[in-house]
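**Q** As input, take target.txt (compact mmCIF, C-alpha atoms):
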# COMPACT_ATOMS: atom_id res chain seq x y z
CA MET A 1 -57.34 39.75 36.27
CA THR A 2 -54.14 39.91 34.21
CA ARG A 3 -53.74 42.04 31.13
CA THR A 4 -53.85 39.04 28.81
CA ASP A 5 -57.08 37.82 30.40
CA SER A 6 -58.78 41.13 29.74
CA ILE A 7 -57.56 41.15 26.10
CA ASP A 8 -58.93 37.62 25.77
CA ASP A 9 -62.28 38.76 27.15
CA ASP A 10 -62.40 41.60 24.65
CA CYS A 11 -61.56 39.21 21.85
CA GLU A 12 -64.34 36.83 22.80
CA ARG A 13 -66.91 39.60 23.12
CA LEU A 14 -65.91 40.94 19.73
CA LEU A 15 -66.00 37.48 18.14
CA ALA A 16 -69.52 36.93 19.48
CA ARG A 17 -70.57 40.18 17.81
CA VAL A 18 -68.78 39.21 14.59
CA ALA A 19 -70.75 35.94 14.60
CA GLY A 20 -73.89 38.09 14.68
CA GLY A 21 -72.77 39.94 11.54
CA ASP A 22 -71.32 43.03 13.21
CA ARG A 23 -68.68 44.35 10.84
CA MET A 24 -67.58 47.07 13.25
CA ALA A 25 -66.64 44.39 15.77
CA LEU A 26 -64.45 42.75 13.13
CA GLY A 27 -62.90 46.17 12.49
CA GLN A 28 -62.06 46.53 16.16
CA LEU A 29 -60.61 43.05 16.21
CA PHE A 30 -58.51 44.00 13.18
CA ALA A 31 -57.35 47.22 14.84
CA THR A 32 -56.16 45.43 17.98
CA GLU A 33 -54.86 42.16 16.50
CA ALA A 34 -53.66 42.69 12.90
CA GLY A 35 -50.14 43.90 13.78
CA ARG A 36 -49.56 41.00 16.12
CA LEU A 37 -50.89 38.44 13.61
CA ILE A 38 -48.78 39.82 10.73
CA ALA A 39 -45.69 39.49 12.93
CA ILE A 40 -46.55 35.86 13.80
CA ALA A 41 -47.16 34.96 10.15
CA ARG A 42 -43.99 36.73 9.01
CA ARG A 43 -41.83 34.70 11.40
CA ILE A 44 -43.08 31.64 9.51
CA VAL A 45 -43.35 32.79 5.88
CA ARG A 46 -40.42 35.29 6.08
CA ARG A 47 -41.97 37.70 3.55
CA ARG A 48 -43.96 40.69 4.73
CA GLU A 49 -46.30 40.82 1.71
CA VAL A 50 -47.15 37.14 2.03
CA ALA A 51 -47.74 37.56 5.78
CA GLU A 52 -50.08 40.50 5.07
CA GLU A 53 -51.98 38.46 2.49
CA ILE A 54 -52.38 35.62 4.97
CA VAL A 55 -53.76 37.90 7.67
CA GLN A 56 -56.13 39.54 5.18
CA ASP A 57 -57.43 36.11 4.13
CA ALA A 58 -57.70 35.11 7.78
CA PHE A 59 -59.98 38.04 8.63
CA VAL A 60 -62.27 37.18 5.72
CA ALA A 61 -62.29 33.58 7.01
CA VAL A 62 -63.12 34.82 10.52
CA TRP A 63 -66.08 36.75 9.08
CA ARG A 64 -67.35 33.59 7.41
CA ARG A 65 -66.59 31.26 10.29
CA ALA A 66 -67.08 33.28 13.47
CA ALA A 67 -70.24 31.29 14.22
CA SER A 68 -68.07 28.17 14.58
CA PHE A 69 -65.99 29.74 17.37
CA ASP A 70 -66.77 27.92 20.62
CA PRO A 71 -66.33 30.29 23.59
CA ALA A 72 -66.55 27.30 25.93
CA ARG A 73 -63.06 26.33 24.73
CA GLY A 74 -61.73 29.68 25.83
CA ALA A 75 -59.31 32.08 24.28
CA GLY A 76 -60.67 33.80 21.21
CA ARG A 77 -57.23 35.19 20.65
CA ALA A 78 -55.77 31.69 20.45
CA TRP A 79 -58.47 30.79 17.91
CA LEU A 80 -57.48 33.74 15.72
CA THR A 81 -53.82 32.85 16.06
CA THR A 82 -54.50 29.24 15.06
CA ILE A 83 -56.26 30.35 11.87
CA VAL A 84 -53.31 32.56 10.92
CA ARG A 85 -50.69 29.96 11.90
CA ASN A 86 -52.36 27.21 9.87
CA ARG A 87 -52.56 29.44 6.81
CA ALA A 88 -48.94 30.48 7.17
CA LEU A 89 -47.84 26.85 7.59
CA ASN A 90 -49.83 25.82 4.51
CA ALA A 91 -48.17 28.58 2.51
CA VAL A 92 -44.64 27.41 3.37
CA ARG A 93 -45.42 23.69 3.24
CA ASP A 94 -46.60 24.03 -0.34
CA GLY A 95 -43.00 24.51 -1.27
CA SER A 96 -42.67 28.25 -1.77
CA ARG A 97 -39.39 28.13 0.14
CA LEU A 98 -37.88 25.98 -2.58
CA ASP A 99 -37.64 29.21 -4.58
CA PHE A 100 -34.59 30.19 -2.58
CA ALA A 101 -31.14 29.31 -3.83
CA ASP A 102 -28.96 27.10 -1.59
CA GLU A 103 -26.93 29.97 -0.17
CA GLU A 104 -30.05 31.92 0.69
CA GLN A 105 -31.54 28.77 2.13
CA LEU A 106 -28.61 28.49 4.53
CA ALA A 107 -28.80 32.16 5.57
CA LEU A 108 -32.53 31.73 6.04
CA PHE A 109 -31.97 28.72 8.23
CA SER A 110 -29.70 30.53 10.65
CA GLU A 111 -32.08 33.49 10.69
CA ARG A 112 -34.99 31.19 11.56
CA SER A 113 -33.00 29.37 14.19
CA GLY A 114 -32.12 32.76 15.71
CA ASP A 115 -35.78 33.75 15.76
CA ALA A 116 -36.69 30.49 17.52
CA HIS A 117 -34.12 31.09 20.27
CA ALA A 118 -35.05 34.75 20.60
CA ALA A 119 -38.68 33.73 21.20
CA LEU A 120 -37.68 31.52 24.13
CA ASP A 121 -35.42 34.25 25.56
CA ALA A 122 -38.25 36.77 25.30
CA LEU A 123 -40.58 34.75 27.53
CA SER A 124 -40.88 36.28 30.96
CA ASP A 125 -38.90 34.64 33.76
CA GLY A 126 -41.97 33.58 35.68
CA ASP A 127 -43.62 31.96 32.64
CA ALA A 128 -44.30 28.26 33.24
CA LEU A 129 -43.68 27.60 29.54
CA ARG A 130 -40.18 29.05 29.83
CA ARG A 131 -39.43 26.95 32.90
CA CYS A 132 -40.80 23.77 31.30
CA LEU A 133 -39.07 24.32 27.94
CA SER A 134 -35.79 25.08 29.69
CA ALA A 135 -36.04 21.80 31.59
CA LEU A 136 -36.16 19.80 28.34
CA GLU A 137 -33.16 18.04 26.83
CA PRO A 138 -31.64 20.71 24.48
CA ARG A 139 -32.27 18.96 21.16
CA ARG A 140 -35.88 18.23 22.10
CA ARG A 141 -36.36 21.87 23.09
CA GLU A 142 -34.72 23.10 19.88
CA SER A 143 -36.89 20.82 17.72
CA ILE A 144 -40.07 22.03 19.40
CA LEU A 145 -39.11 25.71 19.04
CA LEU A 146 -38.13 25.32 15.38
CA ALA A 147 -41.46 23.66 14.61
CA TYR A 148 -43.69 26.04 16.56
CA VAL A 149 -42.04 29.44 16.24
CA VAL A 150 -40.79 29.42 12.65
CA GLY A 151 -42.83 26.54 11.20
CA CYS A 152 -40.03 24.09 10.35
CA THR A 153 -41.02 20.63 9.11
CA HIS A 154 -39.55 17.40 10.51
CA GLY A 155 -37.25 17.32 7.46
CA GLU A 156 -36.02 20.87 7.97
CA ILE A 157 -35.34 20.26 11.65
CA ALA A 158 -33.47 17.07 10.77
CA ALA A 159 -31.27 18.98 8.30
CA ARG A 160 -30.70 21.77 10.79
CA LEU A 161 -29.78 19.49 13.70
CA ASP A 162 -27.98 16.99 11.48
CA ALA A 163 -30.05 14.01 12.62
CA PRO A 164 -32.26 11.42 10.90
CA VAL A 165 -35.94 12.39 10.53
CA GLY A 166 -36.98 9.41 12.68
CA THR A 167 -34.77 10.65 15.51
CA VAL A 168 -36.25 14.15 15.28
CA LYS A 169 -39.75 12.67 15.46
CA ALA A 170 -38.77 10.77 18.61
CA TRP A 171 -37.24 13.92 20.18
CA ILE A 172 -40.43 15.86 19.50
CA ARG A 173 -42.65 13.06 20.80
CA ARG A 174 -40.76 12.76 24.08
CA GLY A 175 -40.34 16.53 24.28
CA VAL A 176 -44.03 17.40 23.93
CA ILE A 177 -45.06 14.67 26.39
CA ALA A 178 -42.59 15.97 28.99
CA LEU A 179 -43.70 19.53 28.27
CA GLN A 180 -47.37 18.70 28.87
CA GLU A 181 -46.53 16.78 32.04
CA CYS A 182 -44.65 19.83 33.29
CA LEU A 183 -47.38 22.32 32.30
CA SER A 184 -50.33 20.40 33.73
CA MET B 1 -46.47 3.44 25.06
CA SER B 2 -49.58 4.38 26.90
CA VAL B 3 -52.78 5.73 25.39
CA ARG B 4 -52.15 8.88 27.38
CA ASP B 5 -48.68 9.33 25.89
CA ASP B 6 -50.07 8.81 22.40
CA ARG B 7 -52.74 11.39 23.06
CA MET B 8 -50.18 13.96 24.29
CA ALA B 9 -47.86 13.22 21.37
CA ARG B 10 -50.73 13.75 18.93
CA ALA B 11 -51.78 16.98 20.67
CA GLY B 12 -48.13 18.08 20.33
CA ASP B 13 -48.00 17.39 16.60
CA TYR B 14 -51.26 19.28 16.15
CA VAL B 15 -50.23 22.34 18.14
CA LEU B 16 -46.71 22.47 16.67
CA GLY B 17 -48.24 22.39 13.18
CA LEU B 18 -46.46 19.19 12.15
CA MET B 19 -49.50 17.39 10.73
CA GLU B 20 -50.35 16.86 7.09
CA GLU B 21 -53.59 18.52 6.01
CA ALA B 22 -55.64 15.27 6.17
CA GLU B 23 -54.22 14.37 9.56
CA ARG B 24 -54.98 17.85 10.86
CA LEU B 25 -58.59 17.74 9.70
CA ARG B 26 -59.00 14.33 11.34
CA ALA B 27 -57.58 15.71 14.60
CA GLU B 28 -60.00 18.66 14.47
CA ALA B 29 -62.91 16.28 13.91
CA ASP B 30 -61.76 14.14 16.87
CA MET B 31 -61.68 17.21 19.11
CA ALA B 32 -65.43 17.53 18.69
CA THR B 33 -66.00 14.12 20.25
CA ASP B 34 -62.90 13.33 22.34
CA ALA B 35 -62.90 15.60 25.39
CA GLU B 36 -59.54 14.36 26.67
CA PHE B 37 -57.80 15.01 23.37
CA ARG B 38 -59.45 18.42 23.16
CA ALA B 39 -58.28 19.28 26.69
CA ALA B 40 -54.71 18.25 25.84
CA VAL B 41 -54.72 20.45 22.73
CA ASP B 42 -56.22 23.41 24.61
CA LEU B 43 -53.70 23.17 27.45
CA LEU B 44 -50.71 23.07 25.15
CA SER B 45 -51.92 25.67 22.62
CA ASN B 46 -52.91 28.17 25.31
CA ARG B 47 -49.47 27.85 26.92
CA MET B 48 -47.53 27.92 23.64
CA ALA B 49 -49.37 31.15 22.73
CA ALA B 50 -46.87 32.96 24.99
CA LEU B 51 -44.29 32.30 22.24
CA ASP B 52 -46.57 33.95 19.65
CA ASP B 53 -46.62 37.11 21.72
CA THR B 54 -42.84 37.35 21.47
CA ALA B 55 -43.19 38.11 17.74
CA GLY B 56 -44.22 41.66 18.65
CA ARG B 57 -46.25 43.76 16.24
CA ASP B 58 -45.63 44.56 12.60
CA PRO B 59 -46.91 47.77 11.04
CA VAL B 60 -50.32 47.29 9.46
CA PRO B 61 -50.37 48.64 5.89
CA GLU B 62 -52.79 51.48 5.26
CA GLY B 63 -55.68 50.35 3.15
CA MET B 64 -55.52 46.76 4.40
CA TRP B 65 -58.79 47.07 6.27
CA THR B 66 -60.42 48.69 3.23
CA ALA B 67 -59.36 45.69 1.16
CA ILE B 68 -60.79 43.32 3.76
CA GLU B 69 -64.07 45.23 3.89
CA ALA B 70 -64.42 44.96 0.12
CA ARG B 71 -64.02 41.19 0.42
CA LEU B 72 -66.58 41.01 3.24
CA VAL B 73 -69.15 42.45 0.84
CA GLU B 74 -68.32 39.65 -1.60
CA ALA B 75 -68.46 37.07 1.19
CA ASP B 76 -71.89 38.35 2.22
CA ALA B 77 -73.09 38.28 -1.38
CA ASP B 78 -71.95 34.65 -1.60
CA ALA B 79 -73.74 33.86 1.64
CA ALA B 80 -76.90 35.59 0.39
CA THR B 81 -76.74 33.67 -2.88
CA ALA B 82 -76.47 30.49 -0.88
CA ALA B 83 -79.74 31.57 0.76
CA SER B 84 -78.14 31.13 4.14
CA SER B 85 -80.49 31.64 7.04
CA ALA B 86 -77.61 32.27 9.43
CA GLY B 87 -79.19 35.58 10.41
CA ARG B 88 -76.39 37.81 9.12
CA SER B 89 -78.28 41.01 8.43
CA LEU B 90 -77.16 42.54 5.15
CA SER B 91 -79.42 45.55 5.57
CA SER B 92 -77.91 46.65 8.87
CA ALA B 93 -74.29 46.07 7.88
CA PRO B 94 -73.68 49.36 6.00
CA VAL B 95 -74.95 51.40 8.95
CA VAL B 96 -72.59 49.66 11.35
CA ASP B 97 -69.85 50.07 8.80
CA LEU B 98 -70.27 53.85 8.61
CA ALA B 99 -70.17 54.09 12.37
CA ALA B 100 -66.92 52.13 12.32
CA ARG B 101 -65.45 54.52 9.78
CA ARG B 102 -66.38 57.54 11.87
CA ARG B 103 -64.85 56.06 14.98
CA GLN B 104 -61.70 54.68 13.46
CA THR B 105 -60.28 57.94 12.20
CA ALA B 106 -56.95 56.26 11.59
CA TRP B 107 -58.45 54.46 8.62
CA ARG B 108 -59.75 57.63 7.04
CA PRO B 109 -56.72 58.54 4.90
CA ALA B 110 -56.71 55.07 3.38
CA LEU B 111 -60.43 55.23 2.69
CA MET B 112 -60.11 58.65 1.08
CA ALA B 113 -57.28 57.46 -1.10
CA ALA B 114 -59.38 54.50 -2.09
CA SER B 115 -62.33 56.68 -3.11
CA ILE B 116 -60.14 59.08 -5.08
CA ALA B 117 -58.51 56.11 -6.71
CA ALA B 118 -61.85 54.52 -7.48
CA ALA B 119 -62.99 57.77 -9.10
CA LEU B 120 -59.83 57.87 -11.20
CA GLY B 121 -60.28 54.26 -12.15
CA ILE B 122 -63.83 54.79 -13.33
CA GLY B 123 -62.87 57.88 -15.26
CA TYR B 124 -60.07 56.05 -16.91
CA LEU B 125 -62.29 53.17 -17.91
CA ALA B 126 -64.98 55.52 -19.23
CA GLY B 127 -62.40 57.01 -21.58
CA THR B 128 -61.61 53.66 -23.10
CA THR B 129 -65.10 52.46 -23.91
CA PHE B 130 -64.89 53.98 -27.40
CA SER B 131 -62.29 51.51 -28.58
CA PRO B 132 -63.53 48.01 -29.38
CA ARG B 133 -60.87 46.23 -27.32
CA PRO B 134 -61.67 43.51 -24.77
CA GLN B 135 -62.80 44.41 -21.26
CA PRO B 136 -60.29 43.86 -18.47
CA VAL B 137 -61.03 41.02 -16.07
CA VAL B 138 -59.87 43.15 -13.14
CA VAL B 139 -58.79 46.73 -12.53
CA VAL B 140 -56.19 47.59 -9.93
CA VAL B 141 -55.46 50.92 -8.31
CA LEU B 142 -51.97 50.71 -6.89
CA ASP B 143 -51.09 52.98 -3.98
CA THR B 144 -47.71 54.27 -2.90
CA PRO B 145 -46.59 53.52 0.69
CA ASP B 146 -48.14 56.93 1.52
CA ALA B 147 -51.50 55.59 0.32
CA VAL B 148 -51.55 57.89 -2.71
CA PRO B 149 -52.67 56.33 -6.02
CA GLY B 150 -49.52 55.70 -8.05
CA ALA B 151 -50.66 53.56 -10.97
CA ILE B 152 -53.66 51.88 -12.53
CA PHE B 153 -53.54 48.40 -14.04
CA GLU B 154 -56.06 46.63 -16.19
CA ALA B 155 -55.45 42.89 -16.31
CA PHE B 156 -56.88 40.89 -19.21
CA ALA B 157 -57.73 37.25 -19.72
CA ASP B 158 -54.79 36.77 -22.13
CA ASP B 159 -52.08 37.30 -19.43
CA THR B 160 -51.55 40.93 -20.48
CA VAL B 161 -51.61 43.91 -18.16
CA ARG B 162 -52.12 47.48 -19.28
CA ILE B 163 -50.26 49.87 -17.01
CA VAL B 164 -50.92 53.59 -16.57
CA PRO B 165 -48.53 55.26 -14.11
CA LEU B 166 -50.00 58.20 -12.23
CA GLN B 167 -46.67 59.30 -10.82
CA ASP B 168 -43.21 59.75 -12.24
CA PHE B 169 -41.15 57.19 -10.31
CA ALA B 170 -37.46 58.01 -10.18
CA VAL B 171 -35.52 55.15 -11.77
CA PRO B 172 -31.80 55.53 -10.99
CA GLU B 173 -29.10 54.38 -13.46
CA GLY B 174 -28.76 50.58 -13.46
CA LYS B 175 -32.26 50.08 -12.07
CA THR B 176 -35.56 49.12 -13.61
CA LEU B 177 -39.22 48.99 -12.62
CA GLN B 178 -40.50 45.44 -12.31
CA VAL B 179 -44.17 44.49 -12.24
CA TRP B 180 -45.38 41.58 -10.10
CA THR B 181 -48.54 39.76 -9.21
CA LEU B 182 -49.32 37.25 -6.48
CA TYR B 183 -52.11 34.90 -7.53
CA ASP B 184 -51.16 32.13 -5.12
CA PRO B 185 -49.09 32.62 -1.95
CA ALA B 186 -47.74 29.10 -2.46
CA VAL B 187 -46.32 30.10 -5.86
CA GLY B 188 -45.06 33.44 -4.60
CA PRO B 189 -44.82 36.66 -6.59
CA VAL B 190 -44.65 36.20 -10.38
CA SER B 191 -42.94 38.76 -12.62
CA LEU B 192 -45.11 40.24 -15.37
CA GLY B 193 -42.20 42.13 -16.89
CA THR B 194 -40.07 45.27 -16.51
CA LEU B 195 -40.42 48.93 -17.49
CA PRO B 196 -37.43 51.27 -18.00
CA SER B 197 -39.44 54.23 -16.68
CA ALA B 198 -42.92 55.29 -15.58
CA VAL B 199 -44.63 55.27 -18.98
CA PRO B 200 -47.94 53.69 -20.03
CA ALA B 201 -47.30 50.18 -21.33
CA VAL B 202 -48.79 46.77 -21.97
CA LEU B 203 -46.86 43.81 -20.55
CA ARG B 204 -47.51 40.14 -21.22
CA GLY B 205 -46.75 37.91 -18.24
CA PRO B 206 -46.20 34.14 -18.16
CA ASP B 207 -49.14 31.78 -18.46
CA GLN B 208 -51.20 32.27 -15.28
CA PRO B 209 -54.70 31.78 -13.87
CA LEU B 210 -57.43 34.27 -14.79
CA PRO B 211 -56.94 37.40 -12.66
CA ARG B 212 -59.39 37.53 -9.79
CA ALA B 213 -60.68 40.08 -7.32
CA ASP B 214 -58.24 40.83 -4.47
CA GLN B 215 -55.24 39.54 -6.36
CA LEU B 216 -52.13 41.48 -5.32
CA TYR B 217 -50.21 43.56 -7.90
CA GLU B 218 -47.10 45.61 -7.21
CA ILE B 219 -44.18 47.45 -8.81
CA THR B 220 -40.74 47.22 -7.23
CA LEU B 221 -37.44 48.88 -8.04
CA GLU B 222 -34.94 46.20 -9.12
CA PRO B 223 -31.41 46.06 -10.55
CA ALA B 224 -31.55 46.19 -14.40
CA PRO B 225 -32.41 44.09 -16.35
CA GLY B 226 -34.64 42.63 -13.61
CA SER B 227 -34.55 40.95 -10.21
CA PRO B 228 -31.57 38.55 -10.05
CA THR B 229 -33.53 36.05 -7.95
CA GLY B 230 -36.75 36.06 -9.96
CA LYS B 231 -38.57 37.37 -6.87
CA PRO B 232 -38.96 40.94 -5.65
CA THR B 233 -35.80 42.14 -3.89
CA GLY B 234 -36.14 45.94 -4.03
CA PRO B 235 -38.49 48.44 -2.37
CA ILE B 236 -42.19 48.35 -3.26
CA LEU B 237 -43.12 51.55 -5.10
CA VAL B 238 -46.83 50.86 -5.46
CA LYS B 239 -49.09 48.03 -4.48
CA GLY B 240 -52.82 47.31 -4.84
CA PHE B 241 -55.50 44.68 -4.85
CA ALA B 242 -57.58 43.89 -7.92
CA ARG B 243 -61.23 44.84 -8.26
CA ARG B 244 -63.67 43.34 -10.73
CA PRO B 245 -65.43 46.04 -12.75
CA PRO B 246 -69.23 45.77 -12.45
CA GLY B 247 -71.15 44.24 -15.34
Can you give me the file's structure in the form of structure tokens?
**A**
Amino acid sequence: MTRTDSIDDDCERLLARVAGGDRMALGQLFATEAGRLIAIARRIVRRREVAEEIVQDAFVAVWRRAASFDPARGAGRAWLTTIVRNRALNAVRDGSRLDFADEEQLALFSERSGDAHAALDALSDGDALRRCLSALEPRRRESILLAYVVGCTHGEIAARLDAPVGTVKAWIRRGVIALQECLS
Amino acid sequence: MSVRDDRMARAGDYVLGLMEEAERLRAEADMATDAEFRAAVDLLSNRMAALDDTAGRDPVPEGMWTAIEARLVEADADAATAASSAGRSLSSAPVVDLAARRRQTAWRPALMAASIAAALGIGYLAGTTFSPRPQPVVVVVLDTPDAVPGAIFEAFADDTVRIVPLQDFAVPEGKTLQVWTLYDPAVGPVSLGTLPSAVPAVLRGPDQPLPRADQLYEITLEPAPGSPTGKPTGPILVKGFARRPPG
């Protein structure tokens, strides 16, 4: 059993206890996962306080919704991550980034693009995802990383890669199909 | 374009987070009935999770769990009001909770700070009951990064905030204290005003929703006469989440 598998097992056991109203189990989940989840949210929302707020809200949501977690679908950790990711994406999609002035917007863009590349580089050499992403046509790969890692919209990717939105959508479509073919 | 390609493309949009809210909810509903779509989503999201792990770990602020616990009590009260028969035992929860506190010694400083702060907050409120002024909607105990109470706020329904510093924050030449609240992450932090030094004051912020429990308040150090960007740029001196006084 790999390390990640055993963490997943722990997560699922804890979530089952949370579903039964065990607050201590939620506390343990918080102790093991909060730092990781704040980091994921911050890569998307860029502000630490907002990322912390999102993770706090997410744990309250987990308390309310743990009963809807379906262990048959596997990874409890992935379920937690999805809740945090969706909240972070909602926060940026509602336009809070428009607060930044143009110059800041540009700096932010290069920072986000750097984060997206760093994430790919940080994958271990043997990781199938790394192999499959690396095999993609570069602009497709870049579009997928910008969307997933830092939460860029189609429009933001189009601006970043200097391409029409329709083209970006086509890159992502072909990219994710090829990626799933490669991973399955 | 095959049905299979369409399914994979849709799973991709879902996992990458590129769907509009309505589209996303529809996809989640479809997962309950469409096993092939669900399998495509699970495959991709479980693999993409490796990228999440590259984000590393951020420090978890002290007191964050305490704030969550306070909200769990509210969530349970809501559930009880809704007469839910989900089997969540309210009576056993505090016992479990105490056990958690004993085991998780790392949380203890934050909890102690919170109780001291709560005591200060109550004392402070008790001293004001003689004057016939309106009751605050929420009270906030703001902690320093060391989890020591640094200020108390009372926020009122008329967009005013009464501020009582508990520490003498050093304000260098050319700097000012700026007071912020976050009532909606989508709006971002909103300035309630500035203070030249750590003195008791009443500030009136812009028109905003009624303060609610768990709303974030903070004071940052900014260049005078206030943050040039309209958002916090300097270090956070104190920060806290609102509580609704009982009654």
**Q** So how far away is atom CA of Thr153 of chain A from atom CA of Ala58 of chain A, in Å?
**A**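 Atom CA of Thr153 of chain A lies at a distance of 22.1 Å from atom CA of Ala58 of chain A.
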**Q** What is the distance, in Å and to one decimal place, between atom CA of Pro228 of chain B and atom CA of Ile44 of chain A?
**A**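 These two atoms are separated by 23.7 Å.
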**Q** So what do you get for atom CA of Arg42 of chain A versus atom CA of Leu133 of chain A, distance-wise?
**A**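 Those two atoms sit 23.2 Å apart.
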**Q** At a cut-off of 10 Å, using only C-alpha atoms, what residues contact segment 134-146 of chain A? Leave out same-chain residues fewer than 5 positions from it and give the result as a ChimeraX atom specification.
**A** /A:44,112-117,119-120,128-129,151-154,156-158,160-161,168-176,178-179,182 /B:12-13,16,48,51
**Q** With all atoms listed in the file as the atoms that count, which of B:Val148, B:Ala49, B:Ala22, B:Met31 lies nearest to Thr81 of chain A?
**A**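 Of B:Val148, B:Ala49, B:Ala22, B:Met31, the one nearest Thr81 of chain A, counting all atoms listed in the file, is B:Ala49.
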**Q** Give me the residues within 9 Å of segment 179-182 of chain B as a list in words, counting all atoms listed in the file and dropping any in the same chain fewer than 3 places off.
**A** Val50 of chain A; Pro185, Val187, Gly188, Pro189, Val190, Ser191, Leu192, Gly193, Thr194, Leu195, Leu203, Gln215, Leu216, Tyr217, Glu218, Ile219, Thr220, Lys231 and Pro232 of chain B
**Q** Any idea what's packed within 10 Å of Thr233 of chain B, counting all atoms listed in the file, ignoring anything in its chain fewer than 5 positions away? Could you give it as a ChimeraX atom specification?
**A** /B:220-223,226-228
**Q** A:Ile40, A:Leu80, A:Leu29, A:Val165: which is nearest Val149 of chain A, counting only C-alpha atoms?
**A** A:Ile40
**Q** Under the rule that all atoms listed in the file are counted, which of A:Arg13, A:Val18, A:Val62, A:Val55 is the nearest residue to Arg36 of chain A?
**A** A:Val55
**Q** What's the 7 Å shell around Val238 of chain B, counting all atoms listed in the file, without same-chain residues fewer than 6 positions away, as a list in words?
**A**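 The residues satisfying every condition are Leu142, Asp143, Thr144, Pro145, Gly150, Glu218 and Ile219 of chain B.
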**Q** Go ahead and write the selection's residues with C-alpha atoms as a PDB file, keeping the file's coordinate frame.
**A**
ATOM      1  CA  LEU B 142     -51.970  50.710  -6.890  1.00  0.00           C
ATOM      2  CA  ASP B 143     -51.090  52.980  -3.980  1.00  0.00           C
ATOM      3  CA  THR B 144     -47.710  54.270  -2.900  1.00  0.00           C
ATOM      4  CA  PRO B 145     -46.590  53.520   0.690  1.00  0.00           C
ATOM      5  CA  GLY B 150     -49.520  55.700  -8.050  1.00  0.00           C
ATOM      6  CA  GLU B 218     -47.100  45.610  -7.210  1.00  0.00           C
ATOM      7  CA  ILE B 219     -44.180  47.450  -8.810  1.00  0.00           C
TER       8      ILE B 219
END
